[in-house]
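Asks: Sharing coords-v4.cif here; it has mmCIF, C-alpha atoms.
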data_model
loop_
_atom_site.label_atom_id
_atom_site.label_comp_id
_atom_site.auth_asym_id
_atom_site.auth_seq_id
_atom_site.Cartn_x
_atom_site.Cartn_y
_atom_site.Cartn_z
CA MET A 1 214.01 31.46 42.83
CA GLU A 2 214.76 32.79 46.32
CA LYS A 3 213.71 36.38 46.93
CA ILE A 4 216.46 38.96 47.28
CA ASN A 5 216.82 40.07 50.89
CA PRO A 6 216.70 43.91 51.10
CA ARG A 7 218.55 43.79 54.43
CA ILE A 8 221.72 42.63 52.67
CA ASP A 9 223.72 45.83 52.28
CA ILE A 10 224.43 45.54 48.56
CA ALA A 11 220.74 44.92 47.80
CA PHE A 12 219.72 47.78 50.12
CA LYS A 13 222.00 50.22 48.33
CA LYS A 14 220.95 49.02 44.89
CA LEU A 15 217.34 49.52 45.93
CA PHE A 16 217.55 52.91 47.65
CA GLY A 17 220.76 54.39 46.18
CA THR A 18 219.78 54.83 42.52
CA GLU A 19 218.22 57.73 40.61
CA GLU A 20 215.24 55.68 39.45
CA ASN A 21 214.36 54.80 43.06
CA LYS A 22 215.07 58.17 44.61
CA ASP A 23 211.43 58.46 45.64
CA LEU A 24 211.88 55.36 47.82
CA LEU A 25 214.87 56.95 49.56
CA ILE A 26 212.93 60.18 50.13
CA SER A 27 210.05 58.21 51.63
CA LEU A 28 212.44 56.25 53.87
CA ILE A 29 214.16 59.42 55.13
CA ASN A 30 210.87 61.23 55.74
CA SER A 31 209.53 58.27 57.71
CA MET A 32 212.16 58.93 60.39
CA VAL A 33 213.07 62.61 60.56
CA SER A 34 211.11 65.44 62.16
CA GLN A 35 208.74 67.65 60.22
CA GLU A 36 211.35 70.41 59.91
CA ASP A 37 213.84 67.99 58.33
CA GLN A 38 211.45 66.48 55.76
CA VAL A 39 212.79 66.52 52.19
CA ALA A 40 210.96 67.04 48.90
CA ASP A 41 213.93 65.96 46.82
CA VAL A 42 217.51 64.75 47.35
CA ARG A 43 220.74 64.61 45.43
CA LEU A 44 222.57 61.30 45.68
CA MET A 45 226.14 62.07 46.69
CA ASN A 46 227.43 58.51 46.18
CA PRO A 47 224.97 56.74 43.85
CA TYR A 48 225.15 52.98 43.43
CA ASN A 49 228.12 52.17 41.21
CA LEU A 50 229.51 48.70 40.51
CA GLN A 51 232.98 50.14 39.87
CA ARG A 52 233.26 50.99 43.57
CA PHE A 53 232.83 47.32 44.42
CA ARG A 54 235.57 46.36 41.97
CA GLU A 55 237.89 48.85 43.65
CA ASP A 56 236.96 47.95 47.23
CA ARG A 57 234.66 44.98 47.75
CA LEU A 58 234.81 45.38 51.52
CA SER A 59 233.74 49.03 51.55
CA ILE A 60 230.83 50.21 53.67
CA LEU A 61 227.73 50.38 51.50
CA ASP A 62 226.22 53.55 52.90
CA ILE A 63 224.03 56.03 51.03
CA LYS A 64 224.86 59.72 51.16
CA ALA A 65 222.21 62.22 50.09
CA GLU A 66 221.71 65.98 50.22
CA GLY A 67 218.31 67.58 50.63
CA ILE A 68 217.36 70.55 48.47
CA CYS A 69 217.81 72.83 51.51
CA GLY A 70 221.38 71.60 52.05
CA LYS A 71 220.97 69.13 54.90
CA LYS A 72 222.99 65.95 54.52
CA PHE A 73 221.90 62.39 55.21
CA ASN A 74 223.98 59.26 55.72
CA ILE A 75 221.93 56.07 55.55
CA GLU A 76 223.43 52.67 56.32
CA ILE A 77 222.08 49.22 57.00
CA GLN A 78 224.39 47.23 59.26
CA LEU A 79 224.18 43.46 59.22
CA THR A 80 226.11 42.55 62.35
CA ASP A 81 227.01 43.79 65.80
CA ASN A 82 230.78 43.57 65.60
CA GLY A 83 231.34 45.82 68.60
CA ASP A 84 232.19 49.06 66.84
CA TYR A 85 228.80 50.26 65.58
CA ASP A 86 228.64 53.29 67.88
CA LYS A 87 232.11 54.50 66.91
CA ARG A 88 231.43 53.93 63.23
CA ALA A 89 228.16 55.84 63.44
CA LEU A 90 229.94 58.87 64.88
CA TYR A 91 232.83 58.54 62.45
CA TYR A 92 230.62 58.54 59.37
CA TRP A 93 228.59 61.44 60.73
CA ALA A 94 231.78 63.44 61.37
CA LYS A 95 233.23 62.54 57.98
CA LEU A 96 230.17 63.77 56.10
CA TYR A 97 230.00 66.90 58.28
CA THR A 98 233.65 67.88 57.78
CA GLU A 99 233.66 67.05 54.06
CA GLN A 100 231.43 70.09 53.56
CA LEU A 101 234.45 72.34 54.06
CA ILE A 102 235.77 71.16 50.71
CA ILE A 103 232.96 73.20 49.21
CA SER A 104 232.75 75.97 51.80
CA ASP A 105 235.57 77.51 53.78
CA ARG A 106 233.27 79.05 56.38
CA TYR A 107 232.05 77.16 59.44
CA HIS A 108 228.88 79.23 59.22
CA ASP A 109 227.92 77.38 56.05
CA LEU A 110 228.16 73.90 57.52
CA GLU A 111 224.76 72.20 57.26
CA LYS A 112 223.10 69.74 59.62
CA VAL A 113 224.02 66.09 59.08
CA ILE A 114 221.58 63.32 60.01
CA GLY A 115 222.89 59.79 60.39
CA ILE A 116 220.36 56.99 59.88
CA HIS A 117 221.50 53.52 60.95
CA ILE A 118 219.22 50.57 60.25
CA LEU A 119 220.48 47.71 62.39
CA ASN A 120 219.87 44.00 61.92
CA PHE A 121 220.55 43.44 65.62
CA ILE A 122 219.68 44.88 69.03
CA SER A 123 222.12 47.63 69.95
CA ILE A 124 220.28 49.49 72.72
CA PRO A 125 218.74 46.86 75.02
CA GLN A 126 217.64 49.45 77.57
CA ALA A 127 215.35 51.12 75.01
CA GLN A 128 211.88 49.65 74.42
CA LYS A 129 211.32 51.46 71.11
CA TYR A 130 212.86 50.15 67.91
CA HIS A 131 213.45 53.70 66.62
CA ASN A 132 215.55 56.04 68.75
CA VAL A 133 216.84 59.53 67.98
CA PHE A 134 219.95 61.01 69.59
CA HIS A 135 221.05 64.64 69.99
CA ILE A 136 223.63 66.39 72.13
CA THR A 137 221.97 67.75 75.27
CA GLU A 138 223.16 69.54 78.41
CA LYS A 139 223.93 66.96 81.10
CA GLU A 140 221.91 68.36 84.04
CA GLU A 141 219.09 70.36 82.46
CA GLY A 142 218.70 68.28 79.30
CA PHE A 143 218.24 71.11 76.80
CA PRO A 144 219.57 70.41 73.28
CA HIS A 145 222.57 72.16 71.80
CA PHE A 146 224.88 71.61 68.80
CA SER A 147 221.80 71.03 66.67
CA ALA A 148 223.81 70.03 63.59
CA LEU A 149 224.18 66.48 64.96
CA GLU A 150 221.36 63.94 64.83
CA LEU A 151 221.62 60.16 64.83
CA HIS A 152 218.79 57.67 64.30
CA THR A 153 218.87 53.97 65.13
CA ILE A 154 216.29 51.53 63.77
CA GLU A 155 216.63 48.10 65.40
CA LEU A 156 214.79 45.74 63.06
CA LYS A 157 214.92 42.80 65.48
CA LYS A 158 212.89 44.76 68.02
CA PHE A 159 210.31 45.57 65.37
CA ALA A 160 210.19 41.93 64.23
CA GLU A 161 209.78 40.66 67.80
CA THR A 162 206.72 42.85 68.37
CA THR A 163 205.08 42.07 65.01
CA GLN A 164 205.33 38.30 64.84
CA GLY A 165 202.52 36.24 63.39
CA GLU A 166 200.43 36.38 60.24
CA ILE A 167 200.53 39.33 57.85
CA ALA A 168 197.02 40.33 58.96
CA SER A 169 198.31 40.64 62.53
CA LEU A 170 201.34 42.61 61.34
CA ALA A 171 199.13 44.98 59.33
CA GLN A 172 197.06 45.80 62.41
CA LYS A 173 200.20 46.91 64.26
CA VAL A 174 201.47 49.18 61.46
CA GLN A 175 200.79 52.77 62.50
CA SER A 176 203.41 54.88 60.75
CA SER A 177 205.37 55.13 57.53
CA LEU A 178 208.46 53.87 59.37
CA ASP A 179 206.45 50.84 60.50
CA ARG A 180 205.65 50.20 56.83
CA TRP A 181 209.30 50.34 55.78
CA SER A 182 210.31 48.15 58.71
CA ALA A 183 207.62 45.65 57.72
CA PHE A 184 208.98 45.66 54.17
CA LEU A 185 212.55 45.07 55.34
CA THR A 186 211.64 42.25 57.74
CA ARG A 187 208.69 40.56 55.95
CA TYR A 188 209.46 41.29 52.27
CA GLU A 189 209.27 37.61 51.29
CA GLN A 190 205.70 37.18 52.55
CA LEU A 191 204.55 40.57 51.29
CA SER A 192 205.78 39.82 47.77
CA THR A 193 203.51 36.76 47.52
CA LEU A 194 200.29 38.63 48.29
CA LYS A 195 197.90 39.52 45.47
CA SER A 196 196.93 42.66 47.37
CA LEU A 197 198.51 44.32 50.37
CA PRO A 198 196.58 45.10 53.57
CA SER A 199 195.35 48.69 53.64
CA THR A 200 197.97 49.85 56.16
CA LEU A 201 200.76 48.59 53.87
CA ASP A 202 199.13 49.39 50.54
CA LYS A 203 201.21 52.42 49.59
CA PRO A 204 202.82 53.25 46.19
CA THR A 205 206.36 53.31 47.60
CA ILE A 206 206.00 49.90 49.28
CA LYS A 207 204.52 48.42 46.10
CA LYS A 208 207.36 49.88 44.06
CA ALA A 209 209.99 48.55 46.48
CA ILE A 210 208.51 45.03 46.33
CA GLY A 211 208.39 45.21 42.53
CA ALA A 212 211.96 46.51 42.32
CA LEU A 213 213.19 43.58 44.40
CA ASP A 214 211.34 41.11 42.18
CA VAL A 215 213.11 42.35 39.05
CA MET A 216 216.49 43.18 40.60
CA ASN A 217 219.34 41.54 38.73
CA PHE A 218 222.91 41.11 39.95
CA THR A 219 226.06 40.77 37.90
CA ARG A 220 228.33 37.85 38.78
CA GLU A 221 230.42 40.14 41.03
CA GLU A 222 227.37 41.58 42.77
CA ARG A 223 225.88 38.13 43.25
CA GLN A 224 229.09 36.92 44.90
CA ILE A 225 229.08 39.82 47.36
CA TYR A 226 225.38 39.29 48.07
CA GLU A 227 225.77 35.54 48.63
CA GLU A 228 228.76 36.05 50.96
CA HIS A 229 226.84 38.49 53.13
CA LEU A 230 223.72 36.31 53.05
CA LYS A 231 225.80 33.35 54.27
CA TRP A 232 226.99 35.49 57.16
CA LEU A 233 223.42 36.27 58.23
CA ARG A 234 222.44 32.61 58.09
CA MET A 235 225.52 31.44 59.95
CA GLU A 236 225.05 34.09 62.61
CA ALA A 237 221.44 32.99 63.11
CA GLY A 238 222.57 29.37 63.41
CA ALA A 239 225.33 30.19 65.88
CA LEU A 240 222.93 32.24 68.01
CA SER A 241 220.53 29.32 68.13
CA VAL A 242 223.27 26.90 69.16
CA ALA A 243 224.56 29.30 71.81
CA LYS A 244 221.11 29.64 73.35
CA GLU A 245 220.42 25.90 73.32
CA THR A 246 223.72 24.96 74.94
CA GLY A 247 223.67 27.78 77.47
CA LYS A 248 227.00 29.19 76.33
CA LYS A 249 225.92 32.80 76.66
CA GLU A 250 227.00 33.59 80.22
CA GLY A 251 227.46 37.23 79.45
CA ARG A 252 226.85 39.36 76.39
CA LYS A 253 230.50 40.08 75.64
CA GLU A 254 231.69 36.53 76.24
CA GLY A 255 228.70 35.03 74.46
CA ARG A 256 229.14 37.24 71.40
CA LYS A 257 232.79 36.21 71.08
CA GLU A 258 231.85 32.52 71.14
CA GLU A 259 229.21 33.15 68.48
CA LYS A 260 231.69 35.01 66.29
CA GLU A 261 234.25 32.22 66.61
CA ALA A 262 231.63 29.60 65.71
CA ILE A 263 230.57 31.62 62.67
CA ALA A 264 234.20 32.17 61.64
CA GLN A 265 234.80 28.41 61.77
CA GLN A 266 231.88 27.85 59.39
CA MET A 267 233.09 30.61 57.08
CA LEU A 268 236.60 29.16 56.95
CA ALA A 269 235.17 25.73 56.23
CA ARG A 270 233.30 27.23 53.28
CA GLY A 271 236.50 28.79 51.96
CA MET A 272 235.41 32.39 52.42
CA ASP A 273 237.97 35.19 52.10
CA THR A 274 239.75 35.84 55.42
CA ASN A 275 239.61 39.63 55.03
CA LEU A 276 235.85 39.42 54.59
CA ILE A 277 235.54 37.18 57.67
CA VAL A 278 237.50 39.72 59.73
CA GLN A 279 235.28 42.54 58.50
CA LEU A 280 232.01 40.73 59.15
CA THR A 281 232.86 39.15 62.52
CA GLY A 282 235.05 41.85 64.06
CA LEU A 283 237.66 39.24 64.98
CA SER A 284 241.31 40.14 64.46
CA GLN A 285 243.57 38.41 61.95
CA ALA A 286 245.46 36.87 64.89
CA GLU A 287 242.25 35.48 66.41
CA LEU A 288 241.22 34.13 63.02
CA ALA A 289 244.64 32.47 62.60
CA GLN A 290 244.17 30.72 65.96
CA ILE A 291 240.78 29.41 64.90
CA LYS A 292 242.19 28.24 61.58
CA ALA A 293 245.04 26.41 63.34
CA LYS A 294 242.54 24.39 65.39
CA GLN A 295 240.67 23.13 62.33
#
Once you've parsed the file, please lay out its structure as structure tokens.
Replies:
Amino acid sequence: MEKINPRIDIAFKKLFGTEENKDLLISLINSMVSQEDQVADVRLMNPYNLQRFREDRLSILDIKAEGICGKKFNIEIQLTDNGDYDKRALYYWAKLYTEQLIISDRYHDLEKVIGIHILNFISIPQAQKYHNVFHITEKEEGFPHFSALELHTIELKKFAETTQGEIASLAQKVQSSLDRWSAFLTRYEQLSTLKSLPSTLDKPTIKKAIGALDVMNFTREERQIYEEHLKWLRMEAGALSVAKETGKKEGRKEGRKEEKEAIAQQMLARGMDTNLIVQLTGLSQAELAQIKAKQ
């Protein structure tokens, strides 16, 4: 049986957004944030719940957690670059920040909110690192201010591109706990077949995550959502390959639109729900109707 892909959002949330795997979420958060923001325990604010999928199958599968000192964390894995990632990242940060006033009526009591966005695509081409941290700083002198805002981006494709090759080669390049989690998310299938992990990856949380994936079961509804999103990843990879081979990418914006249209054509041919296609590709209903009319 094919291994479950932890980069698929529903699998990611089922893995990290449950009480029994809270230690995995804590480890993931601590692998990214500064020493002063490390957490010993968290409270899941929106734990994994199948009922939410029944109510809104196209909802964003983020994980909200609160540290024992009050800081809030919003963790999301995003499958595709549909052009609105940056706005969504700010929106979800702002939403979690302002929701605190439901509990407290005083601005003084608002706690820091840290947004963590694990991306299955390259969003910041000018950055060499795969993990980048953003704060608000003064334009000319560069000193930080408004310390309640912090956003992290983890671009898994950058990590994968610099750690290609055999597992032994990957293990030599792993230097941090975030490297370990990135290795798990990008090379889970190979890691799960090993009798013993290389020393740099041989950690209790990584072992537990691999084991949890091996025994993860989906209901029929969950499996349908998972398969739909998995198809999207495969179709996107295929369209990217075709675009590169035929030289269609003459510019990032124009190239991305052609890729999205090619993927949408494949999705329509497979009978996928049009609302889901719109959500995954970022195309409008009108653009999708035009594509459908040409088929």
Asks: Residues picked by the PyMOL selection byres ((chain A and resi 33-40) around 9) here, as a PDB file with C-alpha atoms, in the frame of the given file?
Replies:
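Output contents, as saved in selection-v9.pdb:
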ATOM      1  CA  ILE A  26     212.930  60.180  50.130  1.00  0.00           C
ATOM      2  CA  SER A  27     210.050  58.210  51.630  1.00  0.00           C
ATOM      3  CA  ILE A  29     214.160  59.420  55.130  1.00  0.00           C
ATOM      4  CA  ASN A  30     210.870  61.230  55.740  1.00  0.00           C
ATOM      5  CA  SER A  31     209.530  58.270  57.710  1.00  0.00           C
ATOM      6  CA  MET A  32     212.160  58.930  60.390  1.00  0.00           C
ATOM      7  CA  ASP A  41     213.930  65.960  46.820  1.00  0.00           C
ATOM      8  CA  VAL A  42     217.510  64.750  47.350  1.00  0.00           C
ATOM      9  CA  GLY A  67     218.310  67.580  50.630  1.00  0.00           C
ATOM     10  CA  ILE A  68     217.360  70.550  48.470  1.00  0.00           C
ATOM     11  CA  CYS A  69     217.810  72.830  51.510  1.00  0.00           C
ATOM     12  CA  LYS A  71     220.970  69.130  54.900  1.00  0.00           C
ATOM     13  CA  ILE A 114     221.580  63.320  60.010  1.00  0.00           C
ATOM     14  CA  VAL A 133     216.840  59.530  67.980  1.00  0.00           C
ATOM     15  CA  HIS A 152     218.790  57.670  64.300  1.00  0.00           C
TER      16      HIS A 152
END
Asks: Can you list, as a PDB file with C-alpha atoms, in the coordinates of the input, every protein, DNA or RNA residue that comes within 7 Å of region 153-163 of chain A when you count all atoms listed in the file, leaving out same-chain residues fewer than 5 positions away?
Replies:
ATOM      1  CA  ILE A 116     220.360  56.990  59.880  1.00  0.00           C
ATOM      2  CA  HIS A 117     221.500  53.520  60.950  1.00  0.00           C
ATOM      3  CA  ILE A 118     219.220  50.570  60.250  1.00  0.00           C
ATOM      4  CA  LEU A 119     220.480  47.710  62.390  1.00  0.00           C
ATOM      5  CA  ASN A 120     219.870  44.000  61.920  1.00  0.00           C
ATOM      6  CA  PHE A 121     220.550  43.440  65.620  1.00  0.00           C
ATOM      7  CA  ILE A 122     219.680  44.880  69.030  1.00  0.00           C
ATOM      8  CA  TYR A 130     212.860  50.150  67.910  1.00  0.00           C
ATOM      9  CA  HIS A 131     213.450  53.700  66.620  1.00  0.00           C
ATOM     10  CA  ASN A 132     215.550  56.040  68.750  1.00  0.00           C
ATOM     11  CA  VAL A 133     216.840  59.530  67.980  1.00  0.00           C
ATOM     12  CA  LEU A 170     201.340  42.610  61.340  1.00  0.00           C
ATOM     13  CA  LYS A 173     200.200  46.910  64.260  1.00  0.00           C
ATOM     14  CA  SER A 182     210.310  48.150  58.710  1.00  0.00           C
ATOM     15  CA  THR A 186     211.640  42.250  57.740  1.00  0.00           C
TER      16      THR A 186
END
Asks: For Gln265 (chain A), which residue among A:Thr205, A:Ser284, A:Thr200, A:Gln290 is the nearest when counting only C-alpha atoms?
Replies: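 Smallest distance to Gln265 (chain A) is found for A:Gln290.
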Asks: Give as a ChimeraX atom specification the residues that the PyMOL selection byres ((chain A and resi 98-108) around 12) matches when applied to the coordinates above.
Replies: /A:45,64,66,70-72,91-97,109-113,148-149
Asks: I'd like the neighbourhood of Trp181 (chain A) as a PDB file with C-alpha atoms, in the frame of the given file, where a residue qualifies if any of its atoms comes within 10 Å (using all atoms listed in the file), though same-chain residues fewer than 4 positions away should be ignored.
Replies:
ATOM      1  CA  LEU A  24     211.880  55.360  47.820  1.00  0.00           C
ATOM      2  CA  SER A  27     210.050  58.210  51.630  1.00  0.00           C
ATOM      3  CA  LEU A  28     212.440  56.250  53.870  1.00  0.00           C
ATOM      4  CA  SER A  31     209.530  58.270  57.710  1.00  0.00           C
ATOM      5  CA  VAL A 174     201.470  49.180  61.460  1.00  0.00           C
ATOM      6  CA  SER A 176     203.410  54.880  60.750  1.00  0.00           C
ATOM      7  CA  SER A 177     205.370  55.130  57.530  1.00  0.00           C
ATOM      8  CA  LEU A 185     212.550  45.070  55.340  1.00  0.00           C
ATOM      9  CA  THR A 186     211.640  42.250  57.740  1.00  0.00           C
ATOM     10  CA  ARG A 187     208.690  40.560  55.950  1.00  0.00           C
ATOM     11  CA  TYR A 188     209.460  41.290  52.270  1.00  0.00           C
ATOM     12  CA  LEU A 201     200.760  48.590  53.870  1.00  0.00           C
ATOM     13  CA  THR A 205     206.360  53.310  47.600  1.00  0.00           C
ATOM     14  CA  ILE A 206     206.000  49.900  49.280  1.00  0.00           C
ATOM     15  CA  ALA A 209     209.990  48.550  46.480  1.00  0.00           C
TER      16      ALA A 209
END
Asks: Which is closer to Tyr85 (chain A) than all the others in A:Ala168, A:Leu280, A:Leu288, A:Lys13, using all atoms listed in the file?
Replies: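 Selected residue with least distance to Tyr85 (chain A): A:Leu280.
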Asks: Within 6 Å of (218.6, 61.6, 41.9) (file coordinates; all atoms listed in the file), which protein or nucleic acid residues are there? I'd like them as a list in words.
Replies: Glu19, Lys22, Arg43 and Leu44 of chain A
Asks: From the set A:Ile277, A:Glu259, A:Lys129, A:Gly17, which residue has the shortest atom-to-atom contact distance to Asp179 (chain A), counting only C-alpha atoms?
Replies: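 For Asp179 (chain A), the nearest of the candidates is A:Lys129.
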Asks: What residues come out when you apply the PyMOL selection byres ((chain A and resi 267) around 12) to this file, written as JSON, numbers by chain?
Replies: {"A": [228, 229, 230, 231, 232, 233, 234, 235, 236, 239, 260, 261, 262, 263, 264, 265, 266, 268, 269, 270, 271, 272, 273, 274, 275, 276, 277, 278, 280, 281, 288, 291, 292, 295]}
Asks: Closest to Glu76 (chain A) among A:Ile124, A:Ala212, A:Leu151, A:Ile225, using all atoms listed in the file?
Replies: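 For Glu76 (chain A), the nearest of the given residues is A:Leu151.
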Asks: Please report the interatomic distance between CA of Lys203 (chain A) and CA of Leu191 (chain A) in Å with one decimal.
Replies: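 Spanning CA of Lys203 (chain A) to CA of Leu191 (chain A) is a straight-line distance of 12.4 Å.
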Asks: Suppose you want the space between CA of Pro198 (chain A) and CA of Ala171 (chain A); what is it in Å?
Replies: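 Here the two named atoms are 6.3 Å from each other.
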